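File shown: entry21.cif (mmCIF, C-alpha atoms and all ligand atoms).
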```cif
data_start
loop_
_atom_site.label_atom_id
_atom_site.label_comp_id
_atom_site.auth_asym_id
_atom_site.auth_seq_id
_atom_site.Cartn_x
_atom_site.Cartn_y
_atom_site.Cartn_z
CA MET X 772 -53.83 8.26 -2.30
CA GLN X 773 -51.36 5.57 -3.27
CA PRO X 774 -50.71 4.96 -7.00
CA VAL X 775 -52.26 1.84 -8.51
CA ALA X 776 -49.70 -0.98 -8.84
CA GLU X 777 -49.54 -3.58 -11.61
CA LEU X 778 -49.43 -6.44 -9.09
CA SER X 779 -50.80 -6.66 -5.60
CA CYS X 780 -50.60 -9.17 -2.78
CA ASP X 781 -50.86 -9.46 0.96
CA VAL X 782 -47.19 -10.42 1.42
CA LEU X 783 -44.36 -9.70 -0.99
CA VAL X 784 -41.37 -11.98 -0.42
CA ILE X 785 -38.17 -10.70 -2.02
CA GLY X 786 -35.93 -13.66 -2.86
CA GLY X 787 -36.65 -17.35 -3.31
CA GLY X 788 -33.68 -18.80 -1.36
CA PRO X 789 -34.31 -21.01 1.70
CA ALA X 790 -35.47 -18.06 3.86
CA GLY X 791 -37.91 -16.68 1.26
CA SER X 792 -39.26 -20.08 0.14
CA THR X 793 -39.84 -21.22 3.73
CA CYS X 794 -41.62 -18.00 4.63
CA ALA X 795 -43.74 -18.06 1.44
CA ARG X 796 -44.69 -21.73 1.85
CA LEU X 797 -45.85 -21.33 5.46
CA LEU X 798 -47.82 -18.16 4.70
CA ALA X 799 -49.45 -19.57 1.56
CA ALA X 800 -50.34 -22.78 3.43
CA ALA X 801 -52.09 -20.58 6.01
CA GLY X 802 -54.18 -19.00 3.26
CA ARG X 803 -52.26 -15.75 2.70
CA ASP X 804 -51.90 -14.22 -0.75
CA VAL X 805 -48.12 -14.40 -1.26
CA LEU X 806 -45.98 -13.22 -4.16
CA VAL X 807 -42.31 -14.26 -4.41
CA LEU X 808 -40.05 -12.30 -6.72
CA ASP X 809 -36.61 -13.77 -7.35
CA ALA X 810 -33.88 -12.22 -9.44
CA ARG X 811 -32.56 -15.63 -10.51
CA GLN X 812 -33.93 -18.14 -12.98
CA VAL X 813 -35.30 -21.21 -11.16
CA GLY X 814 -32.65 -23.95 -11.18
CA GLY X 815 -29.90 -21.42 -11.96
CA ARG X 816 -26.43 -21.92 -10.51
CA LYS X 817 -26.13 -21.24 -6.79
CA LEU X 818 -22.66 -20.96 -5.35
CA CYS X 819 -22.61 -22.99 -2.16
CA GLY X 820 -20.60 -25.74 -0.50
CA GLY X 821 -23.83 -27.73 -0.29
CA LEU X 822 -23.46 -28.94 3.29
CA LEU X 823 -26.57 -29.01 5.46
CA ASN X 824 -25.63 -28.94 9.11
CA ARG X 825 -27.46 -31.01 11.71
CA ARG X 826 -29.69 -28.13 12.73
CA ALA X 827 -30.85 -27.44 9.18
CA GLN X 828 -31.72 -31.14 8.86
CA LEU X 829 -33.70 -31.01 12.13
CA LEU X 830 -35.52 -27.83 11.06
CA LEU X 831 -36.60 -29.53 7.83
CA GLU X 832 -37.79 -32.55 9.83
CA ASP X 833 -39.73 -30.27 12.20
CA GLN X 834 -41.42 -28.71 9.18
CA GLY X 835 -42.41 -32.22 8.00
CA LEU X 836 -40.03 -32.17 5.03
CA SER X 837 -37.60 -34.85 3.86
CA LEU X 838 -34.94 -34.18 1.26
CA PRO X 839 -35.84 -35.43 -2.24
CA PRO X 840 -33.29 -37.82 -3.84
CA ALA X 841 -32.51 -35.19 -6.52
CA ALA X 842 -31.10 -32.87 -3.84
CA CYS X 843 -28.90 -35.55 -2.21
CA VAL X 844 -25.28 -36.01 -3.21
CA GLU X 845 -22.62 -38.64 -2.43
CA PRO X 846 -20.66 -38.95 -0.17
CA ALA X 847 -23.83 -38.47 1.87
CA GLN X 848 -22.28 -37.67 5.25
CA PRO X 849 -18.63 -36.76 4.82
CA LEU X 850 -16.30 -36.36 7.80
CA LEU X 851 -14.65 -32.99 8.38
CA GLU X 852 -10.86 -32.69 8.40
CA TYR X 853 -9.34 -29.65 9.99
CA HIS X 854 -6.01 -28.53 8.48
CA ASP X 855 -4.22 -25.74 10.34
CA LEU X 856 -1.28 -24.75 8.14
CA ASP X 857 0.00 -22.17 10.62
CA ASN X 858 0.33 -24.68 13.46
CA ARG X 859 0.84 -27.81 11.36
CA LEU X 860 -2.12 -29.51 12.97
CA ARG X 861 -4.64 -31.90 11.49
CA ALA X 862 -7.69 -33.40 13.10
CA CYS X 863 -10.90 -35.05 12.00
CA TYR X 864 -14.42 -35.33 13.38
CA THR X 865 -17.97 -36.25 12.37
CA PRO X 866 -19.90 -33.00 11.90
CA GLY X 867 -23.20 -34.66 10.93
CA TYR X 868 -23.37 -32.77 7.61
CA ARG X 869 -25.68 -33.88 4.80
CA ASN X 870 -24.15 -33.38 1.36
CA ILE X 871 -26.62 -31.73 -1.04
CA ASP X 872 -26.94 -30.25 -4.50
CA ARG X 873 -27.75 -26.69 -3.55
CA GLY X 874 -29.45 -25.74 -6.85
CA ALA X 875 -31.80 -28.74 -6.60
CA PHE X 876 -32.40 -28.03 -2.90
CA ASP X 877 -33.46 -24.41 -3.53
CA ALA X 878 -35.61 -25.40 -6.53
CA TRP X 879 -37.35 -28.03 -4.35
CA LEU X 880 -38.13 -25.56 -1.53
CA LEU X 881 -39.43 -22.98 -4.01
CA GLU X 882 -41.62 -25.60 -5.72
CA LEU X 883 -43.11 -26.48 -2.30
CA ALA X 884 -43.98 -22.80 -1.81
CA ARG X 885 -45.63 -22.75 -5.22
CA GLN X 886 -47.57 -25.94 -4.44
CA ALA X 887 -48.78 -24.36 -1.19
CA GLY X 888 -50.30 -21.54 -3.27
CA ALA X 889 -47.61 -18.85 -3.45
CA ARG X 890 -47.21 -17.05 -6.77
CA VAL X 891 -43.58 -17.16 -7.87
CA ILE X 892 -42.03 -14.96 -10.53
CA SER X 893 -38.41 -15.75 -11.32
CA ALA X 894 -35.96 -13.52 -13.17
CA ALA X 895 -37.73 -10.58 -11.47
CA ARG X 896 -35.50 -8.18 -9.57
CA VAL X 897 -36.90 -5.83 -6.92
CA GLN X 898 -35.33 -2.42 -7.43
CA SER X 899 -36.90 -0.36 -4.65
CA VAL X 900 -39.41 -0.53 -1.83
CA GLU X 901 -41.24 2.64 -0.84
CA GLN X 902 -42.16 3.09 2.80
CA PRO X 903 -45.86 3.85 3.33
CA VAL X 904 -46.54 7.36 4.62
CA ALA X 905 -49.51 6.36 6.78
CA ALA X 906 -49.39 3.38 9.13
CA ASP X 907 -52.26 1.54 7.41
CA GLU X 908 -51.01 2.06 3.83
CA ALA X 909 -49.39 -0.65 1.71
CA TYR X 910 -45.74 -0.82 0.63
CA LEU X 911 -45.03 -0.10 -3.01
CA ALA X 912 -42.17 -2.01 -4.61
CA GLN X 913 -40.72 -1.46 -8.08
CA SER X 914 -39.44 -4.55 -9.83
CA THR X 915 -38.46 -5.68 -13.31
CA ALA X 916 -41.80 -7.60 -13.36
CA GLY X 917 -43.76 -4.40 -12.62
CA SER X 918 -44.81 -2.45 -9.52
CA VAL X 919 -46.17 -4.38 -6.56
CA GLN X 920 -48.44 -3.23 -3.76
CA ALA X 921 -48.19 -5.31 -0.58
CA ARG X 922 -49.34 -4.99 3.00
CA TRP X 923 -46.26 -6.88 4.23
CA VAL X 924 -42.78 -7.20 2.75
CA VAL X 925 -40.29 -9.90 3.73
CA ASP X 926 -36.78 -9.14 2.50
CA ALA X 927 -35.11 -12.51 2.01
CA SER X 928 -32.77 -11.30 -0.73
CA GLY X 929 -29.61 -12.75 0.84
CA ALA X 930 -26.34 -10.84 0.96
CA SER X 931 -27.68 -8.16 -1.44
CA ALA X 932 -30.23 -7.22 1.27
CA CYS X 933 -32.23 -4.91 -0.99
CA GLY X 934 -34.99 -4.17 1.57
CA ARG X 935 -32.45 -3.54 4.30
CA ARG X 936 -30.76 -1.01 2.02
CA GLN X 937 -34.10 0.73 1.42
CA LEU X 938 -34.64 1.07 5.16
CA GLY X 939 -31.28 2.82 5.46
CA LEU X 940 -30.07 0.22 7.97
CA PRO X 941 -26.28 -0.31 8.11
CA MET X 942 -25.19 -2.70 5.41
CA LEU X 943 -23.35 -5.85 6.40
CA ARG X 944 -19.68 -6.70 6.09
CA ARG X 945 -19.18 -9.36 3.42
CA LEU X 946 -16.58 -11.87 2.38
CA ASP X 947 -15.69 -12.40 -1.28
CA CYS X 948 -16.14 -16.13 -1.77
CA LEU X 949 -14.58 -18.03 -4.63
CA GLN X 950 -15.53 -21.58 -5.45
CA GLY X 951 -14.90 -23.91 -8.37
CA ALA X 952 -15.06 -27.64 -9.12
CA LEU X 953 -11.93 -29.80 -9.41
CA ARG X 954 -11.40 -33.40 -10.45
CA LEU X 955 -9.12 -35.09 -7.92
CA ASP X 956 -6.99 -38.20 -8.09
CA PRO X 957 -7.35 -39.96 -5.69
CA PRO X 958 -10.89 -38.68 -4.97
CA LEU X 959 -11.27 -36.74 -1.73
CA ALA X 960 -12.96 -38.82 0.97
CA ASN X 961 -13.67 -36.07 3.54
CA CYS X 962 -14.39 -32.35 3.63
CA TRP X 963 -11.40 -30.17 4.50
CA ALA X 964 -11.39 -26.82 6.28
CA VAL X 965 -7.96 -25.29 5.63
CA TYR X 966 -6.66 -22.45 7.79
CA GLN X 967 -3.75 -20.23 6.81
CA THR X 968 -3.84 -16.71 8.21
CA ALA X 969 -1.53 -15.23 5.58
CA ARG X 970 -4.18 -16.11 2.97
CA THR X 971 -7.40 -15.40 4.83
CA PRO X 972 -8.72 -14.85 8.37
CA PHE X 973 -11.63 -17.10 7.30
CA PHE X 974 -10.68 -20.46 5.72
CA GLY X 975 -10.48 -22.44 2.52
CA TRP X 976 -12.61 -25.54 1.91
CA LEU X 977 -12.63 -28.71 -0.13
CA ILE X 978 -15.91 -30.59 -0.34
CA PRO X 979 -16.18 -33.95 -2.08
CA LYS X 980 -19.05 -34.42 -4.52
CA ALA X 981 -19.98 -37.42 -6.68
CA GLY X 982 -17.73 -38.78 -9.45
CA GLY X 983 -14.33 -37.75 -8.07
CA VAL X 984 -15.29 -34.06 -8.24
CA CYS X 985 -14.74 -31.72 -5.30
CA TYR X 986 -15.55 -28.08 -4.67
CA ALA X 987 -12.57 -25.93 -3.79
CA GLY X 988 -13.33 -22.56 -2.28
CA ALA X 989 -12.28 -19.83 0.11
CA GLY X 990 -13.75 -16.74 1.73
CA LEU X 991 -11.57 -13.66 1.45
CA PRO X 992 -12.01 -10.26 3.08
CA PRO X 993 -12.55 -7.38 0.62
CA GLY X 994 -9.27 -6.44 -1.11
CA GLN X 995 -7.54 -9.73 -0.28
CA LEU X 996 -8.39 -11.31 -3.62
CA MET X 997 -6.34 -8.66 -5.43
CA ARG X 998 -3.37 -9.21 -3.11
CA GLN X 999 -3.65 -12.94 -3.62
CA ARG X 1000 -3.52 -12.44 -7.38
CA GLN X 1001 -0.47 -10.22 -7.10
CA GLN X 1002 1.37 -12.93 -5.18
CA ARG X 1003 0.78 -15.26 -8.07
CA ARG X 1004 3.47 -17.88 -8.42
CA THR X 1005 6.03 -15.90 -6.48
CA ARG X 1006 6.10 -18.50 -3.73
CA PHE X 1007 4.27 -21.43 -5.21
CA GLN X 1008 5.69 -24.44 -6.98
CA THR X 1009 2.67 -25.90 -8.71
CA PRO X 1010 1.41 -24.33 -11.94
CA TRP X 1011 -2.31 -23.73 -12.12
CA PRO X 1012 -4.47 -21.91 -14.69
CA GLU X 1013 -4.39 -18.13 -14.27
CA GLN X 1014 -8.13 -17.96 -13.57
CA TRP X 1015 -7.54 -20.05 -10.44
CA ASP X 1016 -5.06 -17.60 -8.89
CA GLY X 1017 -7.36 -16.71 -5.99
CA LEU X 1018 -7.33 -20.35 -4.85
CA GLY X 1019 -3.71 -21.10 -5.81
CA TRP X 1020 -2.60 -21.64 -2.21
CA LEU X 1021 -5.28 -24.31 -1.77
CA LEU X 1022 -4.33 -26.07 -5.01
CA ASP X 1023 -0.71 -26.01 -3.94
CA TYR X 1024 -1.59 -27.55 -0.61
CA LEU X 1025 -3.54 -30.31 -2.36
CA SER X 1026 -0.49 -31.06 -4.51
CA ALA X 1027 1.72 -31.12 -1.42
CA ARG X 1028 -0.60 -33.69 0.11
CA GLY X 1029 -0.16 -35.92 -2.91
CA TYR X 1030 -3.39 -35.19 -4.82
CA ARG X 1031 -3.40 -34.68 -8.57
CA TRP X 1032 -6.05 -32.18 -9.60
CA GLU X 1033 -7.45 -30.68 -12.75
CA PRO X 1034 -10.10 -27.97 -12.98
CA ALA X 1035 -13.59 -29.22 -13.85
CA ASP X 1036 -14.72 -25.57 -14.08
CA VAL X 1037 -12.79 -23.21 -16.34
CA LYS X 1038 -12.58 -20.80 -13.42
CA PRO X 1039 -13.96 -20.49 -9.91
CA HIS X 1040 -17.07 -18.35 -9.51
CA GLY X 1041 -17.53 -15.57 -6.99
CA ALA X 1042 -20.35 -14.75 -4.56
CA PRO X 1043 -20.61 -12.58 -1.46
CA LEU X 1044 -21.23 -14.06 1.97
CA VAL X 1045 -22.41 -11.95 4.88
CA TRP X 1046 -19.59 -11.88 7.44
CA LEU X 1047 -21.05 -10.65 10.69
CA ALA X 1048 -18.70 -8.34 12.60
CA ARG X 1049 -20.82 -7.81 15.72
CA LEU X 1050 -24.13 -9.06 17.04
CA GLY X 1051 -25.63 -5.56 16.75
CA ASP X 1052 -25.47 -5.88 12.96
CA VAL X 1053 -28.31 -8.40 13.05
CA GLN X 1054 -31.46 -6.43 12.17
CA CYS X 1055 -35.02 -7.62 11.73
CA GLY X 1056 -36.49 -4.73 9.73
CA ARG X 1057 -38.96 -2.00 10.58
CA GLY X 1058 -42.75 -2.03 10.90
CA ARG X 1059 -44.21 -4.51 8.40
CA LEU X 1060 -40.98 -4.82 6.41
CA LEU X 1061 -39.26 -7.86 7.90
CA LEU X 1062 -35.76 -9.17 7.23
CA ALA X 1063 -34.96 -12.88 7.11
CA GLY X 1064 -31.89 -15.02 6.38
CA GLU X 1065 -28.68 -13.37 5.28
CA ALA X 1066 -30.47 -10.07 4.64
CA ALA X 1067 -30.95 -9.88 8.42
CA GLY X 1068 -27.25 -10.73 8.96
CA LEU X 1069 -27.91 -14.35 9.87
CA ALA X 1070 -24.97 -16.51 8.74
CA SER X 1071 -22.21 -17.98 10.85
CA PRO X 1072 -19.10 -15.76 10.69
CA PHE X 1073 -17.10 -18.86 11.69
CA SER X 1074 -18.23 -21.61 9.33
CA GLY X 1075 -20.20 -19.62 6.74
CA GLU X 1076 -23.21 -21.85 7.29
CA GLY X 1077 -26.39 -19.94 6.56
CA VAL X 1078 -29.07 -22.41 5.48
CA SER X 1079 -30.18 -23.32 9.02
CA PHE X 1080 -30.48 -19.61 9.92
CA ALA X 1081 -32.44 -19.01 6.71
CA LEU X 1082 -34.89 -21.85 7.41
CA ALA X 1083 -35.40 -20.73 11.03
CA SER X 1084 -35.78 -17.02 10.30
CA GLY X 1085 -38.02 -17.60 7.25
CA ALA X 1086 -40.36 -19.59 9.49
CA ALA X 1087 -40.18 -16.96 12.26
CA ALA X 1088 -41.03 -14.16 9.78
CA ALA X 1089 -44.06 -16.15 8.59
CA GLN X 1090 -45.24 -16.60 12.20
CA CYS X 1091 -44.93 -12.86 12.82
CA VAL X 1092 -46.98 -11.99 9.72
CA LEU X 1093 -49.67 -14.51 10.69
CA ALA X 1094 -49.82 -13.06 14.21
CA GLY X 1095 -49.94 -9.50 12.82
CA GLN X 1096 -46.64 -8.70 14.55
CA GLY X 1097 -43.90 -6.50 13.14
CA ALA X 1098 -40.11 -6.32 13.12
CA ALA X 1099 -39.78 -5.73 16.88
CA GLU X 1100 -41.51 -9.03 17.64
CA LEU X 1101 -39.45 -10.81 14.99
CA GLY X 1102 -36.35 -9.61 16.86
CA ALA X 1103 -37.63 -11.33 20.01
CA GLU X 1104 -38.45 -14.51 18.03
CA LEU X 1105 -34.88 -14.65 16.79
CA ALA X 1106 -33.22 -14.49 20.23
CA GLY X 1107 -32.07 -18.12 19.86
CA GLU X 1108 -30.40 -17.32 16.51
CA ARG X 1109 -28.56 -14.44 18.15
CA ARG X 1110 -27.22 -16.78 20.83
CA ARG X 1111 -25.93 -19.12 18.14
CA LEU X 1112 -24.30 -16.20 16.36
CA TRP X 1113 -22.69 -15.01 19.58
CA LEU X 1114 -20.94 -18.38 19.89
CA ALA X 1115 -20.02 -18.30 16.17
CA LEU X 1116 -18.48 -14.82 16.62
CA ALA X 1117 -16.33 -16.15 19.47
CA GLN X 1118 -15.30 -19.14 17.31
CA ALA X 1119 -14.48 -16.82 14.39
CA TYR X 1120 -12.29 -14.72 16.70
CA VAL X 1121 -10.34 -17.83 17.68
CA GLY X 1122 -10.27 -19.20 14.12
CA ALA X 1123 -8.61 -16.02 12.80
CA ARG X 1124 -5.80 -16.23 15.39
CA PRO X 1125 -3.21 -18.98 14.88
CA ARG X 1126 -2.08 -18.84 18.51
CA LEU X 1127 -5.59 -19.47 19.84
CA ARG X 1128 -6.58 -22.10 17.29
CA PRO X 1129 -5.02 -25.14 19.04
CA TRP X 1130 -6.98 -24.19 22.20
CA GLY X 1131 -10.15 -23.86 20.20
CA LEU X 1132 -9.55 -27.27 18.69
CA ALA X 1133 -9.02 -28.78 22.14
CA LEU X 1134 -12.37 -27.32 23.27
CA LEU X 1135 -14.27 -28.62 20.24
CA PRO X 1136 -15.26 -32.01 21.75
CA ARG X 1137 -16.72 -30.21 24.78
CA LEU X 1138 -18.58 -27.62 22.72
CA THR X 1139 -20.01 -30.04 20.18
CA GLY X 1140 -20.05 -33.31 22.13
CA ARG X 1141 -18.23 -34.90 19.17
CA GLU X 1142 -15.15 -37.03 19.29
CA LEU X 1143 -12.02 -35.57 17.69
CA SER X 1144 -9.31 -37.76 16.12
CA ARG X 1145 -5.87 -36.19 15.83
CA LEU X 1146 -4.16 -36.85 12.51
CA GLY X 1147 -0.42 -36.62 11.97
CA TRP X 1148 0.88 -33.61 10.04
CA ASP X 1149 3.57 -35.38 8.05
CA GLY X 1150 3.05 -38.36 5.84
CA GLN X 1151 0.46 -38.62 3.09
CA GLY X 1152 2.85 -36.96 0.69
CA ALA X 1153 3.33 -33.71 2.59
CA PRO X 1154 6.49 -34.12 4.63
CA GLY X 1155 8.00 -30.75 3.79
CA TYR X 1156 4.99 -28.50 3.51
CA ASN X 1157 6.17 -24.93 3.68
CA GLN X 1158 4.16 -22.50 5.80
CA ASP X 1159 4.32 -19.81 3.14
CA GLY X 1160 1.93 -21.86 1.14
CA GLY X 1161 4.13 -23.91 -1.13
CA ALA X 1162 5.56 -27.38 -1.18
CA ALA X 1163 9.16 -27.27 -0.06
C1 LIG B 1201 -19.50 -19.89 -1.54
C2 LIG B 1201 -20.54 -20.11 -0.48
C3 LIG B 1201 -20.65 -21.36 0.11
C4 LIG B 1201 -21.64 -21.58 1.10
N1 LIG B 1201 -21.74 -22.84 1.62
C5 LIG B 1201 -22.70 -23.09 2.55
C6 LIG B 1201 -22.89 -24.40 3.05
O1 LIG B 1201 -22.22 -25.35 2.65
N2 LIG B 1201 -23.86 -24.60 3.98
C7 LIG B 1201 -24.65 -23.57 4.43
O2 LIG B 1201 -25.50 -23.79 5.31
N3 LIG B 1201 -24.50 -22.31 3.95
C8 LIG B 1201 -23.56 -22.04 3.01
N4 LIG B 1201 -23.42 -20.79 2.49
C9 LIG B 1201 -24.32 -19.73 2.97
C10 LIG B 1201 -25.72 -19.92 2.40
O3 LIG B 1201 -25.65 -20.13 1.00
C11 LIG B 1201 -26.57 -18.66 2.69
O4 LIG B 1201 -26.37 -18.21 3.98
C12 LIG B 1201 -28.05 -18.98 2.49
O5 LIG B 1201 -28.29 -19.30 1.15
C13 LIG B 1201 -28.88 -17.75 2.87
O6 LIG B 1201 -30.20 -18.01 2.49
P1 LIG B 1201 -31.18 -16.79 2.15
O7 LIG B 1201 -32.46 -17.39 1.77
O8 LIG B 1201 -31.11 -15.78 3.23
O9 LIG B 1201 -30.51 -16.07 0.89
P2 LIG B 1201 -30.11 -16.69 -0.55
O10 LIG B 1201 -30.05 -18.15 -0.52
O11 LIG B 1201 -28.89 -15.94 -0.97
O12 LIG B 1201 -31.33 -16.26 -1.45
C14 LIG B 1201 -31.55 -14.93 -1.79
C15 LIG B 1201 -32.37 -14.91 -3.06
O13 LIG B 1201 -32.75 -13.55 -3.29
C16 LIG B 1201 -32.63 -13.27 -4.66
N5 LIG B 1201 -32.42 -11.82 -4.78
C17 LIG B 1201 -31.35 -11.09 -4.43
N6 LIG B 1201 -31.59 -9.79 -4.66
C18 LIG B 1201 -32.85 -9.71 -5.17
C19 LIG B 1201 -33.66 -8.63 -5.62
N7 LIG B 1201 -33.23 -7.37 -5.59
N8 LIG B 1201 -34.89 -8.91 -6.09
C20 LIG B 1201 -35.36 -10.20 -6.14
N9 LIG B 1201 -34.62 -11.24 -5.73
C21 LIG B 1201 -33.39 -11.00 -5.24
C22 LIG B 1201 -31.43 -14.09 -5.12
O14 LIG B 1201 -31.54 -14.36 -6.51
C23 LIG B 1201 -31.56 -15.34 -4.27
O15 LIG B 1201 -32.25 -16.38 -4.94
C24 LIG B 1201 -22.48 -20.53 1.50
C25 LIG B 1201 -22.37 -19.27 0.90
C26 LIG B 1201 -21.41 -19.06 -0.09
C27 LIG B 1201 -21.32 -17.71 -0.73
#
```
Could you express the structure from this file as structure tokens?
Ligand SMILES: Cc1cc2nc3c(=O)[nH]c(=O)nc-3n(C[C@H](O)[C@H](O)[C@H](O)COP(=O)(O)OP(=O)(O)OC[C@H]3O[C@@H](n4cnc5c(N)ncnc54)[C@H](O)[C@@H]3O)c2cc1C
Amino acid sequence: MQPVAELSCDVLVIGGGPAGSTCARLLAAAGRDVLVLDARQVGGRKLCGGLLNRRAQLLLEDQGLSLPPAACVEPAQPLLEYHDLDNRLRACYTPGYRNIDRGAFDAWLLELARQAGARVISAARVQSVEQPVAADEAYLAQSTAGSVQARWVVDASGASACGRRQLGLPMLRRLDCLQGALRLDPPLANCWAVYQTARTPFFGWLIPKAGGVCYAGAGLPPGQLMRQRQQRRTRFQTPWPEQWDGLGWLLDYLSARGYRWEPADVKPHGAPLVWLARLGDVQCGRGRLLLAGEAAGLASPFSGEGVSFALASGAAAAQCVLAGQGAAELGAELAGERRRLWLALAQAYVGARPRLRPWGLALLPRLTGRELSRLGWDGQGAPGYNQDGGAA
């Protein structure tokens, strides 16, 4: 006999990010009794660049959703500038991004799930999920809001992947991401993706937001942040506040390009981002415990984009529950996501290698069907930019 739980539901969704909210909304709309537990407070800060790629926009459209004004941010559709500091290359193209306020976006999706009939408890962390002994028994989860009995569990807890951990599946490699807001003069017109292998095999980013503010961030492999801090001001010319050490190279590059900046945040904040190493690390769960979004390993190891994968996999998990299918079938449903990740893994391989990067850039118009404009390296206040990361 299973112990009596304080809460019970048909489907327990762990996490109210885009994967969990989408799954909960579709299930509740189909009449299922859904409970969402999210560790965060609704509307709490969410570290994100806030760029919705074209596919995420199309997935929302397919689900009959249009972004509310509160979630939209100016500049609405910024161009993307590519800055390769190793090869002294700059280029620009139209990626089709939609600029959003990520906190408002997540709050909107969660509210839609609530309106569809899902019960949502925020500031409730799931601590463990017990596997049922018999095939027809329910799962028992322990959370800070009490114990929960559920026939199905969807782990949409993002990079923390709490259900995945409980299943004993291999945990995912993660990047340490740092991001903070800056005030720039002149304001940044486009998004920048800045590559410099000595700093990170991933990249640094600058994303313009309203009112002359921009987000500056970078993804660093574990351990790199410490090294970056130790290199503080040994090679750089521009002084920056100590708390910004992890992003010093990016600030220095901005200065070299003629931008004056001042921190709008006291310090950048940190968050993990799943950094897929191989396709085999994508897992869909076991039995009636399904994984969706980053918990499954679904985020581009090249660009870090994860919202489109979260929307698609949240919807696929809901379809599986409605059809009474388990993790094996969810794996088949997500074949298209795997193909996208395969391409992203190849792009990440190229992106981390300065010698291959110019070839990758040359292939971009063919891969994306988008026109690429080459920009000069010199000029715009950066004639003597030094490859070590400082203005010469
Ligand atoms: C710095 C940074 C910038 C990014 N920029 C972009 C971008 O511009 N565009 C883009 O597409 N993607 C971006 N991403 C990736 C994107 O944010 C994620 O891939 C996406 O949010 C994954 O959605 P998800 O629903 O799977 O998980 P999440 O959005 O992470 O949601 C997981 C939810 O689960 C909750 N949770 C965690 N553990 C528990 C627990 N034990 N119990 C209960 N709740 C729990 C969390 O509070 C959270 O609300 C960025 C990521 C980072 C770190």
query: With only C-alpha atoms as the atoms that count, which of X:Thr971, X:Ser1074, X:Arg1059, X:Thr915 lies nearest to X:Gln902?
result: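 Of X:Thr971, X:Ser1074, X:Arg1059, X:Thr915, the one nearest X:Gln902 is X:Arg1059, counting only C-alpha atoms.
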Gap from atom CA of X:Trp1011 to atom CA of X:Pro979 - Å, one decimal: 19.9 Å
Could you pull out the residues sitting within 7 Å of ligand LIG 1201 (chain B), using all atoms listed in the file, and write them as a compact mmCIF listing (two decimals) with C-alpha atoms, in the frame of the given file?
```
# COMPACT_ATOMS: atom_id res chain seq x y z
CA ILE X 785 -38.17 -10.70 -2.02
CA GLY X 786 -35.93 -13.66 -2.86
CA GLY X 787 -36.65 -17.35 -3.31
CA GLY X 788 -33.68 -18.80 -1.36
CA PRO X 789 -34.31 -21.01 1.70
CA ALA X 790 -35.47 -18.06 3.86
CA GLY X 791 -37.91 -16.68 1.26
CA LEU X 808 -40.05 -12.30 -6.72
CA ASP X 809 -36.61 -13.77 -7.35
CA ALA X 810 -33.88 -12.22 -9.44
CA ARG X 811 -32.56 -15.63 -10.51
CA LEU X 818 -22.66 -20.96 -5.35
CA CYS X 819 -22.61 -22.99 -2.16
CA GLY X 820 -20.60 -25.74 -0.50
CA GLY X 821 -23.83 -27.73 -0.29
CA LEU X 822 -23.46 -28.94 3.29
CA LEU X 823 -26.57 -29.01 5.46
CA ASN X 824 -25.63 -28.94 9.11
CA ALA X 895 -37.73 -10.58 -11.47
CA ARG X 896 -35.50 -8.18 -9.57
CA VAL X 897 -36.90 -5.83 -6.92
CA GLN X 898 -35.33 -2.42 -7.43
CA ALA X 927 -35.11 -12.51 2.01
CA SER X 928 -32.77 -11.30 -0.73
CA GLY X 929 -29.61 -12.75 0.84
CA ALA X 930 -26.34 -10.84 0.96
CA SER X 931 -27.68 -8.16 -1.44
CA ALA X 932 -30.23 -7.22 1.27
CA CYS X 933 -32.23 -4.91 -0.99
CA CYS X 948 -16.14 -16.13 -1.77
CA LEU X 949 -14.58 -18.03 -4.63
CA GLN X 950 -15.53 -21.58 -5.45
CA GLY X 988 -13.33 -22.56 -2.28
CA ALA X 1042 -20.35 -14.75 -4.56
CA PRO X 1043 -20.61 -12.58 -1.46
CA LEU X 1044 -21.23 -14.06 1.97
CA ALA X 1063 -34.96 -12.88 7.11
CA GLY X 1064 -31.89 -15.02 6.38
CA GLU X 1065 -28.68 -13.37 5.28
CA ALA X 1066 -30.47 -10.07 4.64
CA ALA X 1070 -24.97 -16.51 8.74
CA GLY X 1075 -20.20 -19.62 6.74
CA GLU X 1076 -23.21 -21.85 7.29
CA GLY X 1077 -26.39 -19.94 6.56
CA VAL X 1078 -29.07 -22.41 5.48
CA SER X 1079 -30.18 -23.32 9.02
CA ALA X 1081 -32.44 -19.01 6.71
```
Could the centre and edge lengths of an axis-aligned box, enclosing all atoms of stretch 870-881 of chain X in the file with 4 Å extra on each side, be given in Å to one decimal as AutoDock Vina command-line options?
```
--center_x -31.8 --center_y -28.2 --center_z -2.7 --size_x 23.3 --size_y 18.4 --size_z 16.2
```
message: Report, in Å to a single decimal, how far apart atom CA of X:Gly975 and atom CA of X:Arg1126 are.
response: 18.4 Å
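When all atoms listed in the file are used to compute distances to X:Leu797, the closest of the residues X:Pro839, X:Gly1085, X:Pro1072, X:Gly994 turns out to be X:Gly1085.
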message: Need the shell around stretch 879-893 of chain X: protein/DNA/RNA residues with any atom at most 6 Å away, counting all atoms listed in the file. Skip same-chain ones fewer than 5 positions apart. Format as a PyMOL selection string?
response: chain X and resi 792+795-796+799-800+805-809+811-812
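You will find atom CA of X:Arg861 at 28.0 Å from atom CA of X:Arg945.
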Counting all atoms listed in the file, the option among X:Val782, X:Leu1138, X:Cys794, X:Val813 closest to X:Ala1115: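 Of all the options, X:Leu1138 lies closest to X:Ala1115.
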